[in-house]
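*Asks:* This is the content of work18.cif (mmCIF, C-alpha atoms and all ligand atoms):
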```
data_entry
loop_
_atom_site.group_PDB
_atom_site.id
_atom_site.type_symbol
_atom_site.label_atom_id
_atom_site.label_comp_id
_atom_site.auth_asym_id
_atom_site.auth_seq_id
_atom_site.Cartn_x
_atom_site.Cartn_y
_atom_site.Cartn_z
ATOM 1 C CA MET A 1 86.024 110.957 -90.860
ATOM 2 C CA HIS A 2 88.694 108.455 -89.848
ATOM 3 C CA TYR A 3 86.468 106.224 -87.718
ATOM 4 C CA THR A 4 87.733 102.691 -87.028
ATOM 5 C CA GLY A 5 85.387 99.860 -86.003
ATOM 6 C CA THR A 6 82.496 100.474 -83.642
ATOM 7 C CA ILE A 7 82.671 103.880 -81.996
ATOM 8 C CA TRP A 8 81.770 103.725 -78.308
ATOM 9 C CA ARG A 9 80.845 106.784 -76.278
ATOM 10 C CA PRO A 10 79.053 107.390 -72.962
ATOM 11 C CA PRO A 11 75.368 108.389 -73.326
ATOM 12 C CA TYR A 12 76.076 111.864 -71.955
ATOM 13 C CA GLU A 13 78.509 112.544 -74.821
ATOM 14 C CA ALA A 14 75.701 112.293 -77.405
ATOM 15 C CA SER A 15 76.030 115.958 -78.424
ATOM 16 C CA SER A 16 79.825 116.014 -78.422
ATOM 17 C CA LEU A 17 82.024 116.019 -81.494
ATOM 18 C CA LEU A 18 83.430 112.474 -81.669
ATOM 19 C CA LEU A 19 87.057 112.771 -82.716
ATOM 20 C CA GLU A 20 89.168 109.655 -83.281
ATOM 21 C CA VAL A 21 92.626 110.094 -81.761
ATOM 22 C CA THR A 22 93.192 106.422 -80.912
ATOM 23 C CA ALA A 23 91.561 103.124 -81.837
ATOM 24 C CA GLY A 24 91.401 100.040 -79.638
ATOM 25 C CA CYS A 25 92.792 99.580 -76.143
ATOM 26 C CA THR A 26 96.384 99.450 -74.862
ATOM 27 C CA HIS A 27 95.373 96.858 -72.252
ATOM 28 C CA HIS A 28 93.028 94.637 -74.257
ATOM 29 C CA GLN A 29 93.066 91.928 -71.596
ATOM 30 C CA CYS A 30 89.951 92.315 -69.448
ATOM 31 C CA LYS A 31 88.288 88.897 -69.474
ATOM 32 C CA PHE A 32 84.750 90.145 -70.005
ATOM 33 C CA CYS A 33 85.507 92.734 -72.721
ATOM 34 C CA THR A 34 84.630 92.361 -76.404
ATOM 35 C CA LEU A 35 84.373 96.076 -77.164
ATOM 36 C CA TYR A 36 87.219 96.336 -79.672
ATOM 37 C CA ASP A 37 87.214 92.823 -81.085
ATOM 38 C CA ASP A 38 86.068 94.136 -84.470
ATOM 39 C CA ILE A 39 89.372 95.822 -85.300
ATOM 40 C CA PRO A 40 92.450 93.899 -86.494
ATOM 41 C CA PHE A 41 94.929 95.311 -83.956
ATOM 42 C CA ASN A 42 94.994 96.027 -80.225
ATOM 43 C CA PHE A 43 95.785 99.734 -80.215
ATOM 44 C CA ARG A 44 96.649 102.482 -82.639
ATOM 45 C CA MET A 45 97.406 106.154 -82.254
ATOM 46 C CA SER A 46 95.913 108.330 -85.005
ATOM 47 C CA PRO A 47 98.359 110.415 -87.043
ATOM 48 C CA LEU A 48 97.989 114.123 -86.278
ATOM 49 C CA GLU A 49 97.278 114.687 -89.995
ATOM 50 C CA ASP A 50 94.178 112.437 -89.754
ATOM 51 C CA ILE A 51 92.978 114.248 -86.622
ATOM 52 C CA GLU A 52 93.405 117.603 -88.313
ATOM 53 C CA ALA A 53 91.654 116.356 -91.477
ATOM 54 C CA ASP A 54 88.652 115.272 -89.366
ATOM 55 C CA LEU A 55 88.501 118.664 -87.659
ATOM 56 C CA ARG A 56 88.619 120.361 -91.064
ATOM 57 C CA GLU A 57 85.866 118.075 -92.390
ATOM 58 C CA THR A 58 83.680 118.728 -89.351
ATOM 59 C CA LYS A 59 84.105 122.463 -89.723
ATOM 60 C CA GLU A 60 83.086 122.281 -93.371
ATOM 61 C CA GLN A 61 80.054 120.078 -92.635
ATOM 62 C CA LEU A 62 78.867 122.390 -89.881
ATOM 63 C CA ARG A 63 79.186 125.329 -92.258
ATOM 64 C CA LEU A 64 77.144 123.538 -94.947
ATOM 65 C CA TRP A 65 74.430 122.525 -92.485
ATOM 66 C CA LYS A 66 74.456 125.894 -90.742
ATOM 67 C CA GLN A 67 74.820 124.090 -87.423
ATOM 68 C CA SER A 68 75.843 125.637 -84.164
ATOM 69 C CA GLN A 69 79.481 125.559 -83.101
ATOM 70 C CA VAL A 70 81.236 122.714 -81.293
ATOM 71 C CA THR A 71 81.394 123.271 -77.532
ATOM 72 C CA ARG A 72 82.531 119.814 -76.392
ATOM 73 C CA THR A 73 84.738 117.181 -77.993
ATOM 74 C CA PHE A 74 84.927 113.526 -76.998
ATOM 75 C CA LEU A 75 88.101 111.709 -78.050
ATOM 76 C CA THR A 76 87.326 108.175 -79.168
ATOM 77 C CA GLY A 77 89.105 104.902 -78.444
ATOM 78 C CA ALA A 78 89.194 102.826 -75.260
ATOM 79 C CA ASN A 79 91.805 104.964 -73.500
ATOM 80 C CA PRO A 80 93.049 108.049 -75.341
ATOM 81 C CA PHE A 81 94.217 109.446 -72.006
ATOM 82 C CA VAL A 82 97.146 107.016 -72.234
ATOM 83 C CA LEU A 83 98.690 109.393 -74.796
ATOM 84 C CA GLU A 84 101.659 111.383 -73.630
ATOM 85 C CA TYR A 85 101.044 114.782 -72.073
ATOM 86 C CA GLN A 86 102.548 116.665 -75.033
ATOM 87 C CA ARG A 87 100.357 114.839 -77.527
ATOM 88 C CA LEU A 88 97.186 115.453 -75.506
ATOM 89 C CA MET A 89 98.123 119.144 -75.342
ATOM 90 C CA LYS A 90 98.724 119.187 -79.109
ATOM 91 C CA ILE A 91 95.293 117.626 -79.714
ATOM 92 C CA ALA A 92 93.668 120.248 -77.446
ATOM 93 C CA GLU A 93 95.484 122.968 -79.390
ATOM 94 C CA LEU A 94 94.249 121.583 -82.729
ATOM 95 C CA ILE A 95 90.657 121.429 -81.466
ATOM 96 C CA LYS A 96 90.908 125.036 -80.260
ATOM 97 C CA ARG A 97 92.406 126.143 -83.586
ATOM 98 C CA TYR A 98 89.468 124.762 -85.600
ATOM 99 C CA PHE A 99 86.792 125.355 -82.948
ATOM 100 C CA PRO A 100 87.597 128.291 -80.687
ATOM 101 C CA SER A 101 84.084 127.741 -79.279
ATOM 102 C CA ASN A 102 85.095 124.342 -77.841
ATOM 103 C CA GLN A 103 85.121 124.552 -74.052
ATOM 104 C CA THR A 104 85.821 121.049 -72.795
ATOM 105 C CA ILE A 105 87.238 117.692 -73.842
ATOM 106 C CA GLY A 106 86.264 114.229 -72.624
ATOM 107 C CA CYS A 107 87.533 110.716 -73.248
ATOM 108 C CA PHE A 108 87.718 107.240 -71.777
ATOM 109 C CA SER A 109 90.658 106.539 -69.521
ATOM 110 C CA ARG A 110 92.126 103.632 -67.631
ATOM 111 C CA ILE A 111 93.247 104.193 -64.044
ATOM 112 C CA THR A 112 96.770 103.377 -65.186
ATOM 113 C CA ASP A 113 96.686 106.194 -67.791
ATOM 114 C CA ILE A 114 96.152 108.846 -65.119
ATOM 115 C CA LYS A 115 99.084 107.564 -63.097
ATOM 116 C CA LEU A 116 101.395 108.197 -66.062
ATOM 117 C CA LYS A 117 100.949 111.975 -65.637
ATOM 118 C CA THR A 118 102.412 114.222 -62.977
ATOM 119 C CA ASP A 119 100.090 116.378 -60.882
ATOM 120 C CA ASP A 120 101.341 119.465 -62.739
ATOM 121 C CA GLU A 121 100.627 117.840 -66.103
ATOM 122 C CA LEU A 122 97.121 116.934 -64.967
ATOM 123 C CA LYS A 123 96.533 120.545 -63.918
ATOM 124 C CA GLU A 124 97.727 121.826 -67.309
ATOM 125 C CA LEU A 125 95.542 119.296 -69.120
ATOM 126 C CA ARG A 126 92.560 120.504 -67.103
ATOM 127 C CA LYS A 127 93.327 124.097 -68.092
ATOM 128 C CA ALA A 128 93.535 122.980 -71.747
ATOM 129 C CA GLY A 129 89.966 121.645 -71.524
ATOM 130 C CA TYR A 130 90.223 118.029 -70.344
ATOM 131 C CA ASP A 131 87.529 117.875 -67.703
ATOM 132 C CA GLY A 132 85.603 114.646 -68.205
ATOM 133 C CA LEU A 133 87.377 111.320 -67.996
ATOM 134 C CA THR A 134 85.060 108.333 -68.139
ATOM 135 C CA ILE A 135 86.708 105.473 -66.254
ATOM 136 C CA GLY A 136 85.409 101.907 -66.316
ATOM 137 C CA MET A 137 86.877 100.899 -62.986
ATOM 138 C CA GLU A 138 84.157 98.201 -62.660
ATOM 139 C CA THR A 139 84.790 97.300 -59.008
ATOM 140 C CA ALA A 140 87.102 97.987 -56.083
ATOM 141 C CA ASP A 141 87.191 94.359 -55.067
ATOM 142 C CA ASP A 142 90.795 93.246 -55.525
ATOM 143 C CA SER A 143 90.013 89.585 -56.114
ATOM 144 C CA ALA A 144 87.501 90.476 -58.846
ATOM 145 C CA LEU A 145 89.930 92.973 -60.416
ATOM 146 C CA GLU A 146 92.614 90.306 -60.504
ATOM 147 C CA PHE A 147 90.278 87.607 -61.796
ATOM 148 C CA MET A 148 89.090 89.891 -64.601
ATOM 149 C CA ASN A 149 92.646 90.994 -65.502
ATOM 150 C CA LYS A 150 91.834 94.699 -65.092
ATOM 151 C CA GLY A 151 95.513 95.486 -64.599
ATOM 152 C CA TYR A 152 95.217 97.615 -61.452
ATOM 153 C CA THR A 153 94.277 97.293 -57.799
ATOM 154 C CA SER A 154 91.880 99.130 -55.477
ATOM 155 C CA THR A 155 94.913 101.019 -54.107
ATOM 156 C CA ASP A 156 95.672 102.287 -57.628
ATOM 157 C CA ILE A 157 92.050 103.441 -57.978
ATOM 158 C CA LEU A 158 92.198 105.381 -54.714
ATOM 159 C CA ALA A 159 95.504 107.006 -55.672
HETATM 160 S S1 LIG B 201 90.439 98.515 -70.392
HETATM 161 FE FE1 LIG B 201 88.317 98.755 -71.119
HETATM 162 S S2 LIG B 201 88.395 98.543 -73.348
HETATM 163 FE FE2 LIG B 201 90.347 97.772 -72.530
HETATM 164 S S3 LIG B 201 90.037 95.569 -72.342
HETATM 165 FE FE3 LIG B 201 89.508 96.476 -70.354
HETATM 166 S S4 LIG B 201 87.290 96.900 -70.424
HETATM 167 FE FE4 LIG B 201 87.991 96.524 -72.535
#
```
Kindly transcribe the structure held in the file into structure tokens.

*Replies:*
Amino acid sequence: MHYTGTIWRPPYEASSLLLEVTAGCTHHQCKFCTLYDDIPFNFRMSPLEDIEADLRETKEQLRLWKQSQVTRTFLTGANPFVLEYQRLMKIAELIKRYFPSNQTIGCFSRITDIKLKTDDELKELRKAGYDGLTIGMETADDSALEFMNKGYTSTDILA
């Protein structure tokens, strides 16, 4: 598997297939954050060939271990939802091709990543399986958000 650095996931994604589609964080400026300090770059998008190779490897491993099918996939990296709509749809299509049993897709997202999509794109992404964004908004206190360099305001969060 093409895992880079420490792989972080929410506790409730423990049974999900962890699929690397990005590594690091596009923002990389929150004062308190050391999560991706162990990799030598800020952000990287995985090549589609690597993503497909990991899906193929997972399928083969599950076959060898006679495990049950994948029903949920969690995309790794600090904010894979920053990827463009077309790329997220392509990733969903690849997951479905290798695991028709997969029902839903989760990932971390920044507030600013959601704002990059139109309402129609968000609806299509939901239909394609994206149903669980984990967002570390931290606080809605504007002075704390600014002090910590979160890169958005409470108004952005509400929107
Ligand atoms: S957005 Fe998240 S991962 Fe990126 S620097 Fe801030 S807290 Fe860390």

*Asks:* Kindly compile the residues surrounding ligand LIG 201 (chain B) within 12 Å, counting all atoms listed in the file, and format them as an NGL selection string.

*Replies:* :A and (7-9 or 22-37 or 42-43 or 76-82 or 108-113 or 134-139 or 145 or 148-152)

*Asks:* As an exercise, work out the distance from CA of Ala92 (chain A) to CA of Thr6 (chain A) in Å and give it to one decimal place.

*Replies:*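 Answer for the CA of Ala92 (chain A) to CA of Thr6 (chain A) separation: 23.5 Å.
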
*Asks:* If you apply the PyMOL selection byres (((chain A and resi 84) around 12) and not hetatm) to this file, what residues do you get, as a compact mmCIF listing (two decimals) with C-alpha atoms, in the frame of the given file?

*Replies:*
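Written output follows (part-v3.txt):
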```txt
# COMPACT_ATOMS: atom_id res chain seq x y z
CA MET A 45 97.41 106.15 -82.25
CA ASN A 79 91.80 104.96 -73.50
CA PRO A 80 93.05 108.05 -75.34
CA PHE A 81 94.22 109.45 -72.01
CA VAL A 82 97.15 107.02 -72.23
CA LEU A 83 98.69 109.39 -74.80
CA TYR A 85 101.04 114.78 -72.07
CA GLN A 86 102.55 116.66 -75.03
CA ARG A 87 100.36 114.84 -77.53
CA LEU A 88 97.19 115.45 -75.51
CA MET A 89 98.12 119.14 -75.34
CA LYS A 90 98.72 119.19 -79.11
CA ILE A 91 95.29 117.63 -79.71
CA ASP A 113 96.69 106.19 -67.79
CA ILE A 114 96.15 108.85 -65.12
CA LYS A 115 99.08 107.56 -63.10
CA LEU A 116 101.40 108.20 -66.06
CA LYS A 117 100.95 111.98 -65.64
CA THR A 118 102.41 114.22 -62.98
CA GLU A 121 100.63 117.84 -66.10
CA LEU A 122 97.12 116.93 -64.97
CA LEU A 125 95.54 119.30 -69.12
```

*Asks:* Pick from A:Phe74, A:Trp65, A:Phe41, A:Tyr130: nearest to Leu19 (chain A), with all atoms listed in the file counted?

*Replies:* A:Phe74

*Asks:* As an exercise, work out the distance from CA of Lys59 (chain A) to CA of Leu94 (chain A) in Å and give it to one decimal place.

*Replies:*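 That distance, rounded to one decimal, is 12.4 Å.
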
*Asks:* Residues near Thr71 (chain A), anyone? I mean within 6 Å using all atoms listed in the file, not counting same-chain ones fewer than 2 positions away, as a PyMOL selection string.

*Replies:* chain A and resi 101-103

*Asks:* Identify which of the residues A:Thr58, A:Thr155, A:Thr104, A:Ser46 lies closest to Arg72 (chain A), counting only C-alpha atoms when measuring atom-to-atom distances.

*Replies:*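 Looking at the shortest contact to Arg72 (chain A), the residue is A:Thr104.
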
*Asks:* Could you tell me how far CA of Gln61 (chain A) lies from CA of Pro100 (chain A), in Å and to one decimal?

*Replies:*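 Here the two named atoms are 16.3 Å from each other.
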